$ cat final.cif   # mmCIF, N, CA and C atoms and all ligand atoms
data_coords
#
loop_
_atom_site.label_atom_id
_atom_site.label_comp_id
_atom_site.auth_asym_id
_atom_site.auth_seq_id
_atom_site.Cartn_x
_atom_site.Cartn_y
_atom_site.Cartn_z
N MET A 276 4.43 -1.28 7.55
CA MET A 276 3.16 -0.67 7.96
C MET A 276 3.46 0.62 8.72
N VAL A 277 2.46 1.39 8.93
CA VAL A 277 2.61 2.71 9.52
C VAL A 277 1.57 2.81 10.64
N ASP A 278 1.85 3.54 11.69
CA ASP A 278 0.84 3.61 12.75
C ASP A 278 0.11 4.95 12.79
N GLN A 279 0.51 5.88 11.93
CA GLN A 279 -0.25 7.12 11.79
C GLN A 279 0.20 7.81 10.52
N PHE A 280 -0.64 8.65 9.97
CA PHE A 280 -0.23 9.39 8.78
C PHE A 280 -1.05 10.67 8.68
N SER A 281 -0.54 11.59 7.88
CA SER A 281 -1.24 12.84 7.69
C SER A 281 -1.06 13.27 6.24
N GLY A 282 -1.83 14.27 5.86
CA GLY A 282 -1.71 14.73 4.48
C GLY A 282 -2.51 15.99 4.26
N HIS A 283 -2.46 16.48 3.04
CA HIS A 283 -3.20 17.69 2.69
C HIS A 283 -3.46 17.73 1.21
N CYS A 284 -4.42 18.58 0.84
CA CYS A 284 -4.75 18.75 -0.57
C CYS A 284 -3.69 19.60 -1.25
N LEU A 285 -3.84 19.78 -2.54
CA LEU A 285 -2.84 20.51 -3.32
C LEU A 285 -2.61 21.93 -2.80
N CYS A 286 -3.68 22.64 -2.42
CA CYS A 286 -3.51 24.03 -1.97
C CYS A 286 -3.27 24.13 -0.47
N GLY A 287 -3.51 23.06 0.28
CA GLY A 287 -3.26 23.08 1.71
C GLY A 287 -4.45 23.49 2.56
N ALA A 288 -5.57 23.87 1.94
CA ALA A 288 -6.74 24.31 2.72
C ALA A 288 -7.37 23.15 3.50
N VAL A 289 -7.24 21.94 3.00
CA VAL A 289 -7.77 20.76 3.69
C VAL A 289 -6.59 19.92 4.19
N GLN A 290 -6.61 19.66 5.49
CA GLN A 290 -5.55 18.85 6.11
C GLN A 290 -6.22 17.66 6.78
N PHE A 291 -5.52 16.57 6.88
CA PHE A 291 -6.10 15.44 7.63
C PHE A 291 -5.01 14.69 8.36
N GLN A 292 -5.47 13.97 9.34
CA GLN A 292 -4.57 13.22 10.21
C GLN A 292 -5.27 11.93 10.60
N CYS A 293 -4.53 10.85 10.64
CA CYS A 293 -5.12 9.57 11.04
C CYS A 293 -4.22 8.97 12.10
N SER A 294 -4.83 8.48 13.17
CA SER A 294 -4.04 8.05 14.33
C SER A 294 -3.80 6.55 14.41
N THR A 295 -4.23 5.79 13.40
CA THR A 295 -3.92 4.35 13.40
C THR A 295 -3.47 3.92 12.01
N GLU A 296 -3.04 2.68 11.94
CA GLU A 296 -2.69 2.13 10.63
C GLU A 296 -3.97 1.89 9.84
N PRO A 297 -3.88 1.94 8.51
CA PRO A 297 -5.07 1.65 7.70
C PRO A 297 -5.53 0.20 7.90
N MET A 298 -6.86 -0.02 7.84
CA MET A 298 -7.38 -1.39 7.96
C MET A 298 -7.24 -2.14 6.62
N PHE A 299 -7.12 -1.38 5.54
CA PHE A 299 -7.00 -2.00 4.23
C PHE A 299 -6.42 -0.98 3.26
N GLN A 300 -5.71 -1.47 2.27
CA GLN A 300 -5.14 -0.59 1.25
C GLN A 300 -5.43 -1.22 -0.11
N ALA A 301 -5.83 -0.40 -1.06
CA ALA A 301 -6.20 -0.96 -2.36
C ALA A 301 -6.10 0.07 -3.46
N ASN A 302 -5.97 -0.44 -4.68
CA ASN A 302 -6.09 0.38 -5.88
C ASN A 302 -7.44 0.09 -6.50
N CYS A 303 -8.09 1.14 -7.00
CA CYS A 303 -9.37 0.94 -7.68
C CYS A 303 -9.26 1.44 -9.12
N HIS A 304 -9.67 0.58 -10.03
CA HIS A 304 -9.55 0.87 -11.46
C HIS A 304 -10.90 1.21 -12.08
N CYS A 305 -11.90 1.53 -11.26
CA CYS A 305 -13.23 1.78 -11.84
C CYS A 305 -13.27 3.13 -12.56
N ASP A 306 -14.26 3.26 -13.42
CA ASP A 306 -14.40 4.49 -14.22
C ASP A 306 -14.63 5.71 -13.33
N ASP A 307 -15.38 5.54 -12.23
CA ASP A 307 -15.69 6.68 -11.36
C ASP A 307 -14.43 7.21 -10.69
N CYS A 308 -13.56 6.31 -10.23
CA CYS A 308 -12.30 6.75 -9.61
C CYS A 308 -11.42 7.44 -10.63
N ARG A 309 -11.38 6.87 -11.80
CA ARG A 309 -10.56 7.49 -12.87
C ARG A 309 -11.04 8.90 -13.15
N ARG A 310 -12.36 9.01 -13.35
CA ARG A 310 -12.92 10.30 -13.76
C ARG A 310 -12.77 11.34 -12.64
N SER A 311 -12.97 10.94 -11.39
CA SER A 311 -12.94 11.92 -10.30
C SER A 311 -11.54 12.47 -10.06
N GLY A 312 -10.53 11.65 -10.28
CA GLY A 312 -9.18 12.11 -9.95
C GLY A 312 -8.34 12.42 -11.17
N GLY A 313 -8.79 11.95 -12.34
CA GLY A 313 -8.05 12.23 -13.56
C GLY A 313 -6.89 11.28 -13.82
N GLY A 314 -6.61 10.39 -12.87
CA GLY A 314 -5.55 9.40 -13.08
C GLY A 314 -6.13 8.13 -13.65
N VAL A 315 -5.29 7.18 -14.01
CA VAL A 315 -5.80 5.95 -14.62
C VAL A 315 -6.30 4.94 -13.59
N TYR A 316 -6.00 5.19 -12.32
CA TYR A 316 -6.64 4.45 -11.23
C TYR A 316 -6.48 5.28 -9.96
N ALA A 317 -7.14 4.86 -8.87
CA ALA A 317 -7.05 5.59 -7.61
C ALA A 317 -6.56 4.65 -6.52
N SER A 318 -5.78 5.17 -5.58
CA SER A 318 -5.28 4.37 -4.48
C SER A 318 -5.89 4.87 -3.18
N PHE A 319 -6.31 3.92 -2.33
CA PHE A 319 -7.00 4.26 -1.09
C PHE A 319 -6.36 3.58 0.11
N ALA A 320 -6.30 4.32 1.22
CA ALA A 320 -6.01 3.74 2.53
C ALA A 320 -7.32 3.85 3.32
N PHE A 321 -7.88 2.69 3.70
CA PHE A 321 -9.17 2.69 4.39
C PHE A 321 -8.96 2.73 5.90
N VAL A 322 -9.69 3.65 6.54
CA VAL A 322 -9.59 3.80 8.00
C VAL A 322 -10.99 3.98 8.56
N ASP A 323 -11.13 3.81 9.87
CA ASP A 323 -12.40 4.08 10.51
C ASP A 323 -12.58 5.59 10.66
N ALA A 324 -13.81 6.04 10.46
CA ALA A 324 -14.09 7.49 10.54
C ALA A 324 -13.65 8.08 11.88
N SER A 325 -13.69 7.27 12.94
CA SER A 325 -13.38 7.78 14.28
C SER A 325 -11.91 8.15 14.45
N VAL A 326 -11.05 7.65 13.58
CA VAL A 326 -9.62 7.94 13.73
C VAL A 326 -9.11 8.92 12.67
N LEU A 327 -10.03 9.39 11.82
CA LEU A 327 -9.64 10.33 10.77
C LEU A 327 -10.11 11.74 11.15
N GLU A 328 -9.16 12.64 11.27
CA GLU A 328 -9.48 14.02 11.63
C GLU A 328 -9.22 14.91 10.42
N VAL A 329 -10.27 15.58 9.96
CA VAL A 329 -10.12 16.43 8.78
C VAL A 329 -10.36 17.87 9.19
N SER A 330 -9.47 18.78 8.80
CA SER A 330 -9.71 20.19 9.07
C SER A 330 -9.76 20.93 7.73
N GLY A 331 -10.56 21.97 7.70
CA GLY A 331 -10.78 22.69 6.44
C GLY A 331 -12.05 22.18 5.80
N GLU A 332 -12.67 23.03 5.02
CA GLU A 332 -13.96 22.70 4.42
C GLU A 332 -13.78 21.82 3.19
N THR A 333 -14.61 20.77 3.12
CA THR A 333 -14.64 19.98 1.89
C THR A 333 -16.02 20.10 1.28
N HIS A 334 -16.10 19.99 -0.01
CA HIS A 334 -17.38 19.84 -0.70
C HIS A 334 -17.52 18.36 -1.03
N ALA A 335 -18.76 17.96 -1.31
CA ALA A 335 -18.99 16.54 -1.56
C ALA A 335 -19.79 16.33 -2.82
N HIS A 336 -19.48 15.27 -3.50
CA HIS A 336 -20.27 14.85 -4.66
C HIS A 336 -20.74 13.43 -4.40
N GLN A 337 -22.07 13.22 -4.56
CA GLN A 337 -22.61 11.88 -4.34
C GLN A 337 -23.00 11.23 -5.65
N HIS A 338 -22.76 9.94 -5.72
CA HIS A 338 -23.22 9.20 -6.90
C HIS A 338 -23.47 7.76 -6.47
N LEU A 339 -24.18 7.02 -7.31
CA LEU A 339 -24.45 5.62 -7.02
C LEU A 339 -23.34 4.76 -7.60
N SER A 340 -22.90 3.77 -6.82
CA SER A 340 -21.95 2.80 -7.36
C SER A 340 -22.73 1.80 -8.18
N ASP A 341 -22.06 0.98 -8.97
CA ASP A 341 -22.85 0.05 -9.78
C ASP A 341 -23.42 -1.08 -8.93
N ALA A 342 -22.97 -1.18 -7.66
CA ALA A 342 -23.59 -2.13 -6.74
C ALA A 342 -24.81 -1.52 -6.05
N GLY A 343 -25.11 -0.26 -6.35
CA GLY A 343 -26.30 0.38 -5.79
C GLY A 343 -26.07 1.12 -4.49
N ASN A 344 -24.82 1.25 -4.06
CA ASN A 344 -24.52 2.00 -2.85
C ASN A 344 -24.26 3.47 -3.19
N THR A 345 -24.50 4.34 -2.20
CA THR A 345 -24.21 5.76 -2.42
C THR A 345 -22.78 6.05 -2.02
N ILE A 346 -22.04 6.60 -2.94
CA ILE A 346 -20.65 6.97 -2.70
C ILE A 346 -20.61 8.49 -2.53
N THR A 347 -19.95 8.95 -1.49
CA THR A 347 -19.76 10.39 -1.31
C THR A 347 -18.28 10.69 -1.43
N LYS A 348 -17.94 11.51 -2.39
CA LYS A 348 -16.53 11.86 -2.61
C LYS A 348 -16.31 13.28 -2.09
N HIS A 349 -15.44 13.41 -1.10
CA HIS A 349 -15.15 14.71 -0.50
C HIS A 349 -13.91 15.30 -1.16
N PHE A 350 -14.02 16.55 -1.57
CA PHE A 350 -12.91 17.19 -2.27
C PHE A 350 -12.73 18.62 -1.81
N CYS A 351 -11.55 19.16 -2.06
CA CYS A 351 -11.27 20.55 -1.68
C CYS A 351 -11.93 21.49 -2.69
N PRO A 352 -12.76 22.42 -2.20
CA PRO A 352 -13.45 23.31 -3.14
C PRO A 352 -12.53 24.32 -3.81
N SER A 353 -11.35 24.58 -3.24
CA SER A 353 -10.50 25.56 -3.92
C SER A 353 -9.54 24.94 -4.92
N CYS A 354 -8.96 23.78 -4.63
CA CYS A 354 -8.01 23.22 -5.60
C CYS A 354 -8.55 21.98 -6.30
N GLY A 355 -9.63 21.38 -5.78
CA GLY A 355 -10.24 20.25 -6.46
C GLY A 355 -9.67 18.88 -6.11
N SER A 356 -8.67 18.83 -5.22
CA SER A 356 -8.12 17.51 -4.84
C SER A 356 -9.20 16.64 -4.23
N GLN A 357 -9.28 15.38 -4.65
CA GLN A 357 -10.12 14.40 -4.00
C GLN A 357 -9.45 14.02 -2.69
N VAL A 358 -10.17 14.12 -1.57
CA VAL A 358 -9.54 13.88 -0.26
C VAL A 358 -9.91 12.50 0.28
N TYR A 359 -11.21 12.21 0.40
CA TYR A 359 -11.61 10.89 0.90
C TYR A 359 -13.02 10.56 0.42
N THR A 360 -13.36 9.28 0.51
CA THR A 360 -14.69 8.83 0.07
C THR A 360 -15.39 8.09 1.21
N GLU A 361 -16.71 8.11 1.12
CA GLU A 361 -17.56 7.32 2.01
C GLU A 361 -18.43 6.44 1.14
N ASN A 362 -18.84 5.29 1.71
CA ASN A 362 -19.69 4.36 0.98
C ASN A 362 -20.77 3.88 1.94
N THR A 363 -22.05 3.99 1.55
CA THR A 363 -23.14 3.60 2.45
C THR A 363 -23.08 2.11 2.82
N LYS A 364 -22.33 1.33 2.05
CA LYS A 364 -22.21 -0.09 2.37
C LYS A 364 -21.43 -0.31 3.67
N ALA A 365 -20.49 0.60 3.95
CA ALA A 365 -19.68 0.53 5.17
C ALA A 365 -19.57 1.96 5.70
N PRO A 366 -20.66 2.43 6.35
CA PRO A 366 -20.78 3.86 6.65
C PRO A 366 -19.69 4.43 7.56
N SER A 367 -19.06 3.59 8.38
CA SER A 367 -18.05 4.14 9.29
C SER A 367 -16.65 4.10 8.68
N ARG A 368 -16.55 3.66 7.45
CA ARG A 368 -15.24 3.55 6.82
C ARG A 368 -14.98 4.75 5.91
N ARG A 369 -13.75 5.20 5.89
CA ARG A 369 -13.34 6.28 4.99
C ARG A 369 -12.20 5.79 4.13
N GLY A 370 -12.27 6.10 2.86
CA GLY A 370 -11.19 5.76 1.95
C GLY A 370 -10.38 7.01 1.64
N VAL A 371 -9.21 7.11 2.23
CA VAL A 371 -8.37 8.30 2.05
C VAL A 371 -7.54 8.12 0.79
N ARG A 372 -7.50 9.16 -0.03
CA ARG A 372 -6.71 9.10 -1.27
C ARG A 372 -5.22 9.14 -0.94
N VAL A 373 -4.54 8.09 -1.29
CA VAL A 373 -3.14 7.92 -0.89
C VAL A 373 -2.25 9.03 -1.45
N GLY A 374 -2.61 9.55 -2.62
CA GLY A 374 -1.79 10.59 -3.24
C GLY A 374 -1.66 11.86 -2.43
N LEU A 375 -2.53 12.06 -1.42
CA LEU A 375 -2.48 13.27 -0.61
C LEU A 375 -1.67 13.10 0.68
N ILE A 376 -1.27 11.85 0.95
CA ILE A 376 -0.58 11.57 2.21
C ILE A 376 0.86 12.06 2.14
N GLU A 377 1.30 12.66 3.23
CA GLU A 377 2.61 13.32 3.31
C GLU A 377 3.76 12.41 2.88
N ASP A 378 3.90 11.28 3.55
CA ASP A 378 4.92 10.32 3.16
C ASP A 378 4.23 8.96 3.08
N ALA A 379 3.86 8.58 1.87
CA ALA A 379 3.09 7.34 1.70
C ALA A 379 3.99 6.21 1.20
N SER A 380 5.28 6.29 1.55
CA SER A 380 6.21 5.26 1.08
C SER A 380 5.85 3.88 1.63
N TRP A 381 5.04 3.83 2.69
CA TRP A 381 4.62 2.57 3.29
C TRP A 381 3.48 1.92 2.49
N PHE A 382 2.89 2.67 1.58
CA PHE A 382 1.70 2.17 0.89
C PHE A 382 2.00 0.87 0.15
N GLU A 383 1.15 -0.12 0.41
CA GLU A 383 1.32 -1.43 -0.19
C GLU A 383 -0.07 -1.99 -0.47
N PRO A 384 -0.58 -1.78 -1.68
CA PRO A 384 -1.96 -2.23 -1.94
C PRO A 384 -2.09 -3.73 -1.75
N LYS A 385 -3.20 -4.15 -1.14
CA LYS A 385 -3.46 -5.57 -0.90
C LYS A 385 -4.36 -6.14 -1.97
N ALA A 386 -4.95 -5.27 -2.79
CA ALA A 386 -5.87 -5.74 -3.82
C ALA A 386 -6.01 -4.69 -4.91
N ASN A 387 -6.37 -5.17 -6.08
CA ASN A 387 -6.80 -4.30 -7.16
C ASN A 387 -8.28 -4.57 -7.37
N VAL A 388 -9.11 -3.55 -7.16
CA VAL A 388 -10.54 -3.75 -7.37
C VAL A 388 -10.93 -3.14 -8.71
N TYR A 389 -12.02 -3.67 -9.25
CA TYR A 389 -12.41 -3.34 -10.63
C TYR A 389 -11.25 -3.58 -11.59
N ALA A 390 -10.52 -4.66 -11.33
CA ALA A 390 -9.37 -4.97 -12.16
C ALA A 390 -9.79 -5.21 -13.61
N SER A 391 -11.06 -5.60 -13.80
CA SER A 391 -11.54 -5.84 -15.16
C SER A 391 -11.66 -4.53 -15.95
N HIS A 392 -11.64 -3.39 -15.24
CA HIS A 392 -11.72 -2.09 -15.91
C HIS A 392 -10.35 -1.45 -16.10
N ARG A 393 -9.33 -2.13 -15.67
CA ARG A 393 -7.97 -1.59 -15.76
C ARG A 393 -7.61 -1.27 -17.21
N LEU A 394 -6.91 -0.17 -17.42
CA LEU A 394 -6.41 0.11 -18.77
C LEU A 394 -5.32 -0.91 -19.09
N PRO A 395 -5.27 -1.34 -20.32
CA PRO A 395 -4.28 -2.37 -20.68
C PRO A 395 -2.84 -1.98 -20.34
N SER A 396 -2.56 -0.69 -20.30
CA SER A 396 -1.18 -0.26 -20.04
C SER A 396 -0.86 -0.14 -18.55
N THR A 397 -1.88 -0.30 -17.67
CA THR A 397 -1.63 -0.16 -16.23
C THR A 397 -1.08 -1.46 -15.67
N PRO A 398 0.15 -1.46 -15.17
CA PRO A 398 0.69 -2.70 -14.62
C PRO A 398 0.05 -3.01 -13.27
N ILE A 399 -0.21 -4.28 -12.99
CA ILE A 399 -0.66 -4.66 -11.65
C ILE A 399 0.20 -5.81 -11.14
N ASP A 400 0.33 -5.85 -9.84
CA ASP A 400 1.14 -6.88 -9.20
C ASP A 400 0.37 -8.20 -9.21
N PRO A 401 0.86 -9.21 -9.92
CA PRO A 401 0.11 -10.47 -9.99
C PRO A 401 0.07 -11.21 -8.65
N LYS A 402 0.88 -10.76 -7.67
CA LYS A 402 0.92 -11.45 -6.37
C LYS A 402 -0.20 -11.01 -5.44
N ILE A 403 -0.88 -9.90 -5.77
CA ILE A 403 -1.97 -9.49 -4.89
C ILE A 403 -3.31 -9.78 -5.57
N LYS A 404 -4.38 -9.80 -4.77
CA LYS A 404 -5.69 -10.19 -5.28
C LYS A 404 -6.21 -9.17 -6.30
N ALA A 405 -6.87 -9.68 -7.30
CA ALA A 405 -7.55 -8.81 -8.27
C ALA A 405 -9.02 -9.19 -8.27
N PHE A 406 -9.87 -8.20 -8.04
CA PHE A 406 -11.32 -8.43 -8.06
C PHE A 406 -11.90 -7.76 -9.29
N ASP A 407 -12.79 -8.46 -9.98
CA ASP A 407 -13.45 -7.86 -11.15
C ASP A 407 -14.25 -6.64 -10.77
N LYS A 408 -14.86 -6.72 -9.58
CA LYS A 408 -15.67 -5.61 -9.09
C LYS A 408 -15.24 -5.32 -7.65
N MET A 409 -16.09 -4.61 -6.92
CA MET A 409 -15.81 -4.36 -5.51
C MET A 409 -16.16 -5.62 -4.74
N PRO A 410 -15.22 -6.18 -3.96
CA PRO A 410 -15.55 -7.42 -3.24
C PRO A 410 -16.63 -7.18 -2.20
N GLY A 411 -17.49 -8.18 -2.04
CA GLY A 411 -18.66 -8.11 -1.17
C GLY A 411 -18.32 -7.81 0.23
ZN ZN B 501 -7.09 22.45 -1.70
ZN ZN B 502 -13.25 3.08 -7.88
#
$ encode --input "final.cif" --output "structure tokens" --more "lines below"
Ligand SMILES: [Zn+2]
Ligand SMILES: [Zn+2]
Amino acid sequence: MVDQFSGHCLCGAVQFQCSTEPMFQANCHCDDCRRSGGGVYASFAFVDASVLEVSGETHAHQHLSDAGNTITKHFCPSCGSQVYTENTKAPSRRGVRVGLIEDASWFEPKANVYASHRLPSTPIDPKIKAFDKMPG
């Protein structure tokens, strides 16, 4: 585990810093995560908004999740990197995109969500939980 981490977008205009360990780590295989980042799944480190410090301007795109919650995806307007997401279901939580973290060698997903949407070629660890959708 890690007690703090930092990262930046591809061009460096957006930087972030988090002062505690993530409360949860997960991979998401849903279509929205795939489409927003262009990868076959997305990895998140979830932290409380109060411990995440973001500098630099982000733009946001909002959409409804299939559970009916509003998802806000914050991204860098100059390079397009997805930086973090918010979900109205847990308004104080932020899901930081693990791919932007400086040294994310500590990353250890505890669950695969939307595992039912996983591409057949994407390997998943059978030892961690797999949820068909986003767990309640
Ligand atoms: Zn950028
Ligand atoms: Zn997703």
$ select_by_dssp --input "final.cif" --residues "chain A" --states "alpha helix (DSSP H)" --output "ChimeraX atom specification"
/A:306-312
$ residues_near_ligand --input "final.cif" --ligand "ligand ZN 501 (chain B)" --cutoff "6 Å" --atoms "all atoms listed in the file" --output "compact mmCIF listing (two decimals) with N, CA and C atoms, in the coordinates of the input"
# COMPACT_ATOMS: atom_id res chain seq x y z
N CYS A 284 -4.42 18.58 0.84
CA CYS A 284 -4.75 18.75 -0.57
C CYS A 284 -3.69 19.60 -1.25
N LEU A 285 -3.84 19.78 -2.54
CA LEU A 285 -2.84 20.51 -3.32
C LEU A 285 -2.61 21.93 -2.80
N CYS A 286 -3.68 22.64 -2.42
CA CYS A 286 -3.51 24.03 -1.97
C CYS A 286 -3.27 24.13 -0.47
N GLY A 287 -3.51 23.06 0.28
CA GLY A 287 -3.26 23.08 1.71
C GLY A 287 -4.45 23.49 2.56
N ALA A 288 -5.57 23.87 1.94
CA ALA A 288 -6.74 24.31 2.72
C ALA A 288 -7.37 23.15 3.50
N VAL A 289 -7.24 21.94 3.00
CA VAL A 289 -7.77 20.76 3.69
C VAL A 289 -6.59 19.92 4.19
N CYS A 351 -11.55 19.16 -2.06
CA CYS A 351 -11.27 20.55 -1.68
C CYS A 351 -11.93 21.49 -2.69
N PRO A 352 -12.76 22.42 -2.20
CA PRO A 352 -13.45 23.31 -3.14
C PRO A 352 -12.53 24.32 -3.81
N SER A 353 -11.35 24.58 -3.24
CA SER A 353 -10.50 25.56 -3.92
C SER A 353 -9.54 24.94 -4.92
N CYS A 354 -8.96 23.78 -4.63
CA CYS A 354 -8.01 23.22 -5.60
C CYS A 354 -8.55 21.98 -6.30
N GLY A 355 -9.63 21.38 -5.78
CA GLY A 355 -10.24 20.25 -6.46
C GLY A 355 -9.67 18.88 -6.11
N SER A 356 -8.67 18.83 -5.22
CA SER A 356 -8.12 17.51 -4.84
C SER A 356 -9.20 16.64 -4.23
$ closest_residue --input "final.cif" --among "A:Ile346, A:Val371, A:Cys293, A:Cys303" --to "Lys408 in chain A" --atoms "only C-alpha atoms"
A:Cys303
$ atom_distance --input "final.cif" --atom1 "atom C of Val322 in chain A" --atom2 "CA of Arg368 in chain A"
4.6 Å
$ closest_residue --input "final.cif" --among "A:His304, A:Ala390, A:Glu296, A:Gly282" --to "Phe406 in chain A" --atoms "all atoms listed in the file"
A:Ala390
$ atom_distance --input "final.cif" --atom1 "CA of Asn344 in chain A" --atom2 "atom N of Asp307 in chain A"
13.6 Å
$ decode --input "final.cif" --residues "range 381-400 of chain A" --atoms "C-alpha atoms" --output "short mmCIF file (atom, residue, chain, number, x, y, z; two decimals), in the first residue's frame"
data_model
loop_
_atom_site.label_atom_id
_atom_site.label_comp_id
_atom_site.auth_asym_id
_atom_site.auth_seq_id
_atom_site.Cartn_x
_atom_site.Cartn_y
_atom_site.Cartn_z
CA TRP A 381 1.61 -0.31 -5.63
CA PHE A 382 -1.65 -0.56 -7.56
CA GLU A 383 -3.51 -3.71 -6.65
CA PRO A 384 -7.13 -3.82 -7.82
CA LYS A 385 -9.51 -5.30 -5.26
CA ALA A 386 -12.33 -5.83 -7.73
CA ASN A 387 -13.30 -5.92 -11.36
CA VAL A 388 -16.54 -4.05 -11.92
CA TYR A 389 -18.72 -4.52 -14.97
CA ALA A 390 -16.84 -7.76 -15.38
CA SER A 391 -19.71 -8.97 -17.56
CA HIS A 392 -18.65 -6.33 -20.12
CA ARG A 393 -15.02 -7.42 -20.16
CA LEU A 394 -13.56 -8.17 -23.57
CA PRO A 395 -12.89 -11.89 -23.89
CA SER A 396 -9.17 -11.21 -24.35
CA THR A 397 -8.81 -9.14 -21.14
CA PRO A 398 -7.32 -11.31 -18.40
CA ILE A 399 -8.70 -10.86 -14.88
CA ASP A 400 -7.39 -12.16 -11.60
#
